[in-house]
Structures are given as C-alpha cells and as structure tokens.
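In what follows, a single structure is set out as structure tokens and then discussed.
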Amino acid sequence: VALVGECAFALAGRGRVVTASRTVGLRAEKKYRVLVPIAEDSEEIETACITDVLTRAGADVTVASCSGDLQVRMSRGLKVVADKDISACKGEAWDVIALPGGMPGAEHLRDNQVLEEMLKDQKSSGRMTAAVCASP
C-alpha cells in the first residue's frame, strides 16, 4: 500500500505484489504497464495521484485521452496533455487500467465505447482494473 498525500494505492493479485521499501517507497516486482484514461472534467488530483504514485513505483504509465483531443480540460480547468488517444491503446495488453473520478468526467469515461470494450476485455482476461471515487 502506498500513501502519498491523501491518495492511497495498493496492488496485489495473481502472484504480483507491490512491496514497500523504507528508503524508496513502492517498487514493483515487475514493471507494470498501466493505462490511465482521462476525459473532459476528470478529476485532476485523482489523475495526478494515480500517475505519480504508480510512476514512482516503477510502472510504465500511459495517459490516454477519451475526448478526441490530446489536450484535455480537467474538472477545475487544468489542461492535461495525454500521451495517446484511447483508440491508439486498443489492442494493447495493459496490466492495469486505472480510472480517475470527477464529475462529469466519470460519465464521459463511462460513455466512451472504445474504453468500455477495453474494460470488458481487461476483465475477461483476468487483468486488473482500478477505479477512484466516481469513476465507472
């Protein structure tokens, strides 16, 4: 479990465990590929907590826009530039898909058909998903 500011994260399952270290913080036993989809009005603090903590833990984190443009306006007006469009992420194997909340950003994520298909595939293949606050 990682506690950074007010954001807590834990990863475990299927023999993959993230362990704590006194000097460095979290370090994964393997390098996780993590997808963080965002949409207009997603919560910027939740997005930052997910990406920051998992990057510090050694994960390869990709932020994907579900808004049709790489620059996404978050819930409080902050503009975040995604690494890729969500459609470019389809068909790739992700160890984790982690969704931030925020309203109505969570609804925009929920309504994205590409993301919906990816989440269904993630579940059927036994890979992890994570949801913060109001995310779908």
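Simple scheme: letters A, B, ... for chains in structure tokens order, numbers from 1 for residues in each chain, numbers from 1 for ligands in the order shown.
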Quick check for you: according to DSSP on this backbone, which residues of stretch 77-117 of chain A are classed as alpha helix (DSSP H)? Reply as a ChimeraX atom specification. /A:86-89,105-110,113-117
Contacts of stretch 81-92 of chain A within 6 Å, only C-alpha atoms, excl. fewer than 4 positions in-chain, as a VMD selection string: chain A and resid 63 to 66 70 to 71
For A:Leu115, work out the shell of residues within 8 Å, counting only C-alpha atoms and skipping chain neighbours fewer than 3 positions away, then give it as a ChimeraX atom specification. /A:37,66,86,109-110,112,118-119
Restricting the output to N, CA, C and O atoms, write the selected residues as a PDB file, in the first residue's frame.
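That gives us result17.pdb:
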```pdb
ATOM      1  N   PRO A  37      -6.968   6.318 -18.464  1.00  0.00           N
ATOM      2  CA  PRO A  37      -7.812   7.088 -19.389  1.00  0.00           C
ATOM      3  C   PRO A  37      -8.333   8.345 -18.704  1.00  0.00           C
ATOM      4  O   PRO A  37      -8.683   8.319 -17.517  1.00  0.00           O
ATOM      5  N   CYS A  66      -9.819  10.255 -23.817  1.00  0.00           N
ATOM      6  CA  CYS A  66     -11.091   9.731 -24.329  1.00  0.00           C
ATOM      7  C   CYS A  66     -11.927  10.876 -24.884  1.00  0.00           C
ATOM      8  O   CYS A  66     -13.141  10.740 -25.072  1.00  0.00           O
ATOM      9  N   ILE A  86      -7.220   7.267 -26.813  1.00  0.00           N
ATOM     10  CA  ILE A  86      -7.627   5.945 -26.333  1.00  0.00           C
ATOM     11  C   ILE A  86      -7.682   4.924 -27.469  1.00  0.00           C
ATOM     12  O   ILE A  86      -7.355   3.751 -27.268  1.00  0.00           O
ATOM     13  N   LEU A 109     -16.073   9.039 -19.336  1.00  0.00           N
ATOM     14  CA  LEU A 109     -15.350   7.770 -19.445  1.00  0.00           C
ATOM     15  C   LEU A 109     -16.333   6.618 -19.651  1.00  0.00           C
ATOM     16  O   LEU A 109     -16.128   5.765 -20.505  1.00  0.00           O
ATOM     17  N   ARG A 110     -17.401   6.624 -18.853  1.00  0.00           N
ATOM     18  CA  ARG A 110     -18.418   5.569 -18.958  1.00  0.00           C
ATOM     19  C   ARG A 110     -18.993   5.471 -20.366  1.00  0.00           C
ATOM     20  O   ARG A 110     -19.256   4.386 -20.875  1.00  0.00           O
ATOM     21  N   ASN A 112     -17.623   6.254 -23.244  1.00  0.00           N
ATOM     22  CA  ASN A 112     -16.662   6.035 -24.326  1.00  0.00           C
ATOM     23  C   ASN A 112     -16.672   4.564 -24.726  1.00  0.00           C
ATOM     24  O   ASN A 112     -16.288   3.691 -23.934  1.00  0.00           O
ATOM     25  N   MET A 118     -12.441  -2.010 -23.955  1.00  0.00           N
ATOM     26  CA  MET A 118     -11.155  -2.334 -23.337  1.00  0.00           C
ATOM     27  C   MET A 118     -11.347  -2.848 -21.914  1.00  0.00           C
ATOM     28  O   MET A 118     -10.679  -3.797 -21.497  1.00  0.00           O
ATOM     29  N   LEU A 119     -12.262  -2.234 -21.161  1.00  0.00           N
ATOM     30  CA  LEU A 119     -12.509  -2.672 -19.788  1.00  0.00           C
ATOM     31  C   LEU A 119     -13.127  -4.067 -19.749  1.00  0.00           C
ATOM     32  O   LEU A 119     -12.790  -4.887 -18.892  1.00  0.00           O
TER      33      LEU A 119
END
```
To one decimal place, how far is atom CA of A:Ala39 from atom CA of A:Glu116 in Å?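 Here the two named atoms are 13.3 Å from each other.
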Distance criterion (only C-alpha atoms): nearest to A:Val36 out of A:Thr55, A:Ser75, A:Ser125, A:Gln113: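 Looking only at the distances to A:Val36, the closest residue turns out to be A:Thr55.
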Calculated over only C-alpha atoms, which of the candidates A:Ala93, A:Met103, A:Glu46, A:Val61 has the smallest distance to A:Asp121? A:Ala93
